[in-house]
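**Student:** Okay, so here is target_9.txt, and as you'll see once you scroll down, it has compact mmCIF, C-alpha atoms.
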```txt
# COMPACT_ATOMS: atom_id res chain seq x y z
CA GLY A 1 71.76 274.06 -34.49
CA ASP A 2 70.41 277.16 -36.13
CA CYS A 3 71.90 278.40 -39.39
CA MET A 4 73.81 281.64 -38.77
CA GLY A 5 74.81 282.21 -42.36
CA VAL A 6 76.12 280.59 -45.53
CA LEU A 7 79.66 280.43 -46.86
CA GLN A 8 79.69 279.99 -50.63
CA ALA A 9 82.67 279.37 -52.90
CA ILE A 10 82.17 279.93 -56.63
CA ASN A 11 84.27 279.13 -59.72
CA LYS A 12 87.39 277.29 -58.61
CA LYS A 13 90.39 278.76 -60.40
CA GLN A 14 92.64 275.70 -61.06
CA ASP A 15 90.07 272.95 -61.71
CA ASP A 16 86.59 272.55 -63.13
CA HIS A 17 85.20 271.47 -59.77
CA PHE A 18 85.80 271.60 -56.03
CA SER A 19 87.42 268.52 -54.49
CA ARG A 20 86.60 266.70 -51.27
CA VAL A 21 89.59 268.44 -49.67
CA ASP A 22 88.06 271.82 -50.60
CA GLU A 23 84.80 270.76 -48.95
CA ILE A 24 86.60 269.72 -45.75
CA LEU A 25 88.54 273.02 -45.66
CA LEU A 26 85.33 275.05 -46.08
CA GLU A 27 83.55 273.00 -43.41
CA ASN A 28 86.40 273.71 -40.98
CA LEU A 29 86.37 277.38 -41.90
CA THR A 30 82.62 277.64 -41.29
CA GLN A 31 83.08 276.15 -37.81
CA HIS A 32 85.60 278.88 -36.97
CA VAL A 33 83.36 281.57 -38.45
CA SER A 34 80.44 280.25 -36.39
CA ILE A 35 82.50 280.46 -33.20
CA ALA A 36 83.60 284.01 -34.05
CA LEU A 37 80.01 285.11 -34.73
CA ARG A 38 78.79 283.56 -31.47
CA ASN A 39 81.60 285.27 -29.54
CA ALA A 40 80.59 288.59 -31.10
CA GLU A 41 76.97 288.03 -29.98
CA VAL A 42 78.07 287.18 -26.43
CA TYR A 43 80.34 290.25 -26.33
CA ARG A 44 77.51 292.50 -27.54
CA ALA A 45 75.16 291.07 -24.90
CA ALA A 46 77.79 291.66 -22.18
CA ILE A 47 78.26 295.29 -23.28
CA VAL A 48 74.49 295.92 -23.27
CA THR A 49 74.11 294.31 -19.83
CA SER A 50 76.96 296.40 -18.44
CA GLU A 51 75.53 299.63 -19.89
CA ARG A 52 72.07 298.83 -18.46
CA ALA A 53 73.47 298.06 -15.02
CA GLY A 54 75.40 301.36 -15.05
CA ALA A 55 72.36 303.34 -16.17
CA LEU A 56 70.17 301.71 -13.51
CA LEU A 57 72.71 302.51 -10.79
CA GLN A 58 72.96 306.13 -11.96
CA MET A 59 69.16 306.45 -11.98
CA ILE A 60 68.86 305.06 -8.45
CA GLN A 61 71.58 307.41 -7.20
CA ALA A 62 69.94 310.42 -8.87
CA LEU A 63 66.46 309.56 -7.57
CA SER A 64 67.75 309.14 -4.02
CA GLN A 65 68.51 312.88 -3.96
CA ASP A 66 65.84 315.37 -2.97
CA LEU A 67 64.43 316.38 -6.36
CA GLY A 68 61.52 318.56 -7.34
CA VAL A 69 58.94 317.23 -9.79
CA GLN A 70 60.54 318.78 -12.89
CA SER A 71 64.02 317.60 -11.88
CA MET A 72 62.67 314.11 -11.20
CA ILE A 73 61.00 313.98 -14.64
CA LEU A 74 64.21 315.10 -16.35
CA THR A 75 66.29 312.59 -14.36
CA ILE A 76 64.01 309.66 -15.19
CA THR A 77 63.85 310.72 -18.84
CA MET A 78 67.63 310.88 -19.20
CA HIS A 79 68.36 307.61 -17.42
CA ALA A 80 65.47 305.59 -18.88
CA ASN A 81 66.80 306.38 -22.37
CA GLU A 82 70.17 304.88 -21.43
CA LEU A 83 68.62 301.94 -19.61
CA VAL A 84 66.64 300.61 -22.59
CA GLN A 85 68.45 302.41 -25.44
CA ALA A 86 65.41 304.45 -26.49
CA ASP A 87 65.68 307.44 -28.81
CA ARG A 88 63.06 309.42 -26.86
CA CYS A 89 61.44 309.17 -23.47
CA THR A 90 58.56 311.04 -21.81
CA VAL A 91 57.39 310.73 -18.21
CA PHE A 92 53.68 311.51 -17.82
CA LEU A 93 52.34 312.10 -14.30
CA VAL A 94 48.69 311.26 -13.62
CA ASP A 95 46.45 314.12 -12.46
CA GLU A 96 43.39 312.23 -11.19
CA LYS A 97 41.41 315.39 -10.31
CA LYS A 98 41.58 316.69 -13.89
CA GLN A 99 41.67 313.20 -15.46
CA GLN A 100 44.79 314.18 -17.38
CA LEU A 101 48.36 313.10 -17.94
CA TRP A 102 50.93 315.85 -17.73
CA SER A 103 54.60 316.25 -18.35
CA VAL A 104 57.23 318.86 -18.94
CA SER A 105 58.85 319.01 -22.35
CA THR A 106 62.58 318.34 -22.04
CA ASP A 107 63.14 320.53 -25.12
CA SER A 108 61.18 323.67 -24.26
CA GLY A 109 60.39 323.27 -20.56
CA LYS A 110 56.68 323.83 -21.32
CA GLU A 111 53.98 321.82 -19.60
CA ILE A 112 52.20 319.22 -21.75
CA ARG A 113 48.69 318.02 -20.83
CA ILE A 114 46.64 315.31 -22.53
CA PRO A 115 43.39 313.60 -21.52
CA LYS A 116 43.97 310.49 -19.38
CA SER A 117 41.85 308.49 -21.82
CA ALA A 118 43.93 309.53 -24.87
CA GLY A 119 46.51 307.49 -26.71
CA ILE A 120 48.86 304.78 -25.65
CA ALA A 121 50.08 306.54 -22.49
CA GLY A 122 46.46 307.10 -21.47
CA GLU A 123 45.56 303.45 -21.93
CA CYS A 124 48.67 302.43 -19.99
CA ALA A 125 47.69 304.75 -17.10
CA SER A 126 44.04 303.69 -17.14
CA ASN A 127 44.71 299.93 -17.20
CA GLY A 128 47.97 299.94 -15.23
CA LYS A 129 49.51 297.54 -17.74
CA LEU A 130 52.70 297.67 -19.79
CA ILE A 131 52.17 298.24 -23.53
CA ALA A 132 54.85 297.23 -26.08
CA ILE A 133 54.20 298.13 -29.72
CA PRO A 134 56.66 296.86 -32.35
CA ASP A 135 55.23 299.01 -35.19
CA ALA A 136 53.36 302.15 -34.14
CA TYR A 137 51.76 302.72 -37.55
CA GLU A 138 50.15 299.26 -37.41
CA ASP A 139 48.49 300.04 -34.05
CA PRO A 140 45.14 301.91 -34.18
CA ARG A 141 45.81 303.55 -30.77
CA PHE A 142 48.77 305.47 -32.18
CA ASN A 143 48.11 309.10 -33.17
CA GLN A 144 50.12 309.69 -36.37
CA GLU A 145 49.30 313.41 -36.35
CA VAL A 146 52.14 314.16 -33.91
CA ASP A 147 54.66 312.59 -36.31
CA ARG A 148 53.20 314.56 -39.24
CA ARG A 149 53.48 317.81 -37.30
CA THR A 150 57.01 317.25 -36.01
CA GLY A 151 58.55 315.34 -38.93
CA TYR A 152 59.68 312.62 -36.51
CA ARG A 153 58.99 308.95 -37.38
CA THR A 154 57.83 306.73 -34.53
CA HIS A 155 58.54 303.04 -35.05
CA SER A 156 58.39 301.21 -31.72
CA ILE A 157 56.83 302.23 -28.38
CA LEU A 158 57.14 300.96 -24.82
CA ALA A 159 54.77 302.43 -22.21
CA VAL A 160 55.31 301.37 -18.59
CA PRO A 161 53.02 302.33 -15.70
CA VAL A 162 54.50 303.50 -12.39
CA LEU A 163 52.11 301.96 -9.88
CA ARG A 164 51.17 302.96 -6.32
CA ARG A 165 49.94 300.19 -4.02
CA LEU A 166 46.53 300.94 -2.53
CA PRO A 167 45.54 299.98 1.04
CA CYS A 168 42.77 297.74 -0.35
CA GLY A 169 45.41 295.59 -2.09
CA GLY A 170 45.04 296.94 -5.63
CA SER A 171 47.22 299.43 -7.46
CA GLN A 172 46.83 302.71 -9.31
CA ALA A 173 49.05 304.36 -11.92
CA MET A 174 50.89 307.44 -10.62
CA ALA A 175 52.80 307.96 -13.86
CA VAL A 176 53.63 306.46 -17.25
CA ILE A 177 57.13 306.23 -18.70
CA GLN A 178 56.81 306.13 -22.49
CA MET A 179 59.84 305.28 -24.62
CA ILE A 180 59.98 305.63 -28.37
CA ASN A 181 62.20 303.96 -30.98
CA LYS A 182 64.50 301.34 -29.52
CA SER A 183 68.08 301.92 -30.69
CA GLU A 184 69.91 298.70 -31.50
CA PHE A 185 73.63 298.14 -30.92
CA ASP A 186 74.38 298.85 -34.59
CA GLY A 187 72.31 302.08 -34.60
CA ALA A 188 69.28 300.59 -36.37
CA ILE A 189 65.79 301.14 -34.97
CA GLY A 190 64.48 297.98 -33.35
CA LYS A 191 61.66 296.69 -31.17
CA PHE A 192 61.47 296.72 -27.38
CA ASP A 193 61.78 293.24 -25.88
CA ASP A 194 61.19 291.51 -22.53
CA GLU A 195 64.58 292.65 -21.19
CA ASP A 196 63.52 296.30 -21.61
```
Output the file's structure as structure tokens, nothing else.
**Tutor:**
Amino acid sequence: GDCMGVLQAINKKQDDHFSRVDEILLENLTQHVSIALRNAEVYRAAIVTSERAGALLQMIQALSQDLGVQSMILTITMHANELVQADRCTVFLVDEKKQQLWSVSTDSGKEIRIPKSAGIAGECASNGKLIAIPDAYEDPRFNQEVDRRTGYRTHSILAVPVLRRLPCGGSQAMAVIQMINKSEFDGAIGKFDDED
């Protein structure tokens, strides 16, 4: 199996060296530690799965109500954060006539507009494909200026298109849900994965 860690004993107190009995005791102890670590991983996975299922159910219930555009954006933003444990989330709607993406800031309530061809959300809308970026600063599509202006540090990004099926059989992006900085179970910033 895979090595989960190392248990090391140093400087035996009564003798100059560790005996075969000491080795057997440590081997048995490591087996118990391995089981405990695996149980902790399974427990963590169960908690995350339960939280995601709850967040998805809440989102579906909220979206089944008659919401206006701003309320819908706020609802998706709040529940998507819980669903994938993202620090921030923005829903951009596609305005095909103006070739722009627009959203409403959840902080100020002001409308935000960017060119449809700009940035990661723009590429996601234009191509209709999911984009997962583990390190934003290593990706040339990422605009670091926003981080400089706000003082926020973007690490990981997940941009997901919301697609509309076209009568001809294709699809077109109606919106992009962009999540920033995956929050891990221990509070560290992580990377978005296939489960997200």
**Student:** Residues within 12 Å of (75.6, 297.2, -24.2), file coordinates, counting all atoms listed in the file: what are they? Give the list as JSON, numbers by chain.
**Tutor:** {"A": [41, 42, 43, 44, 45, 46, 47, 48, 49, 50, 51, 52, 53, 54, 55, 82, 83, 84, 85, 183, 184, 185, 186, 187]}
**Student:** How about saving the chosen residues, C-alpha atoms kept, as a short mmCIF file (atom, residue, chain, number, x, y, z; two decimals), in the frame of the given file?
**Tutor:**
```
data_model
loop_
_atom_site.label_atom_id
_atom_site.label_comp_id
_atom_site.auth_asym_id
_atom_site.auth_seq_id
_atom_site.Cartn_x
_atom_site.Cartn_y
_atom_site.Cartn_z
CA GLU A 41 76.97 288.03 -29.98
CA VAL A 42 78.07 287.18 -26.43
CA TYR A 43 80.34 290.25 -26.33
CA ARG A 44 77.51 292.50 -27.54
CA ALA A 45 75.16 291.07 -24.90
CA ALA A 46 77.79 291.66 -22.18
CA ILE A 47 78.26 295.29 -23.28
CA VAL A 48 74.49 295.92 -23.27
CA THR A 49 74.11 294.31 -19.83
CA SER A 50 76.96 296.40 -18.44
CA GLU A 51 75.53 299.63 -19.89
CA ARG A 52 72.07 298.83 -18.46
CA ALA A 53 73.47 298.06 -15.02
CA GLY A 54 75.40 301.36 -15.05
CA ALA A 55 72.36 303.34 -16.17
CA GLU A 82 70.17 304.88 -21.43
CA LEU A 83 68.62 301.94 -19.61
CA VAL A 84 66.64 300.61 -22.59
CA GLN A 85 68.45 302.41 -25.44
CA SER A 183 68.08 301.92 -30.69
CA GLU A 184 69.91 298.70 -31.50
CA PHE A 185 73.63 298.14 -30.92
CA ASP A 186 74.38 298.85 -34.59
CA GLY A 187 72.31 302.08 -34.60
#
```
**Student:** Which residue is closest to Leu56 (chain A)? Choose from A:Ala80, A:Ala36, A:Pro134, A:Glu145 and count all atoms listed in the file.
**Tutor:**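 Closest candidate: A:Ala80.
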**Student:** Rounded to one decimal, what separation in Å do you get between CA of Ile133 (chain A) and CA of Lys182 (chain A)?
**Tutor:**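 About the pair CA of Ile133 (chain A) and CA of Lys182 (chain A): they are 10.8 Å apart.
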**Student:** Which is closer to Ile177 (chain A) than all the others in A:Gly119, A:Pro140, A:Pro161, A:Gly5, using all atoms listed in the file?
**Tutor:**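 Of A:Gly119, A:Pro140, A:Pro161, A:Gly5, the one nearest Ile177 (chain A), counting all atoms listed in the file, is A:Pro161.
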**Student:** So which one's closest to Lys129 (chain A), A:Pro167, A:Pro115, A:Lys97, A:Ala173? Using all atoms listed in the file, please.
**Tutor:** A:Ala173
**Student:** I'd like to know which of A:Lys116, A:Arg153, A:His17, A:Lys110 is closest to Leu93 (chain A), using only C-alpha atoms.
**Tutor:**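 Closest candidate: A:Lys116.
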**Student:** If you measure from CA of Ile114 (chain A) to CA of Gln99 (chain A), what distance in Å do you get, rounded to one decimal?
**Tutor:**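 Between CA of Ile114 (chain A) and CA of Gln99 (chain A) the gap works out to 8.9 Å.
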**Student:** Report the centre and edge lengths, in Å to one decimal, of an axis-aligned box enclosing every atom of region 142-146 of chain A listed in the file, padded by 3 Å on each side, as AutoDock Vina command-line options.
**Tutor:**
```
--center_x 50.1 --center_y 309.8 --center_z -34.3 --size_x 10.0 --size_y 14.7 --size_z 10.2
```
**Student:** I'd like to know which of A:Arg164, A:Arg20, A:Arg113, A:His155 is closest to Asp87 (chain A), using only C-alpha atoms.
**Tutor:**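 Selected residue with least distance to Asp87 (chain A): A:His155.
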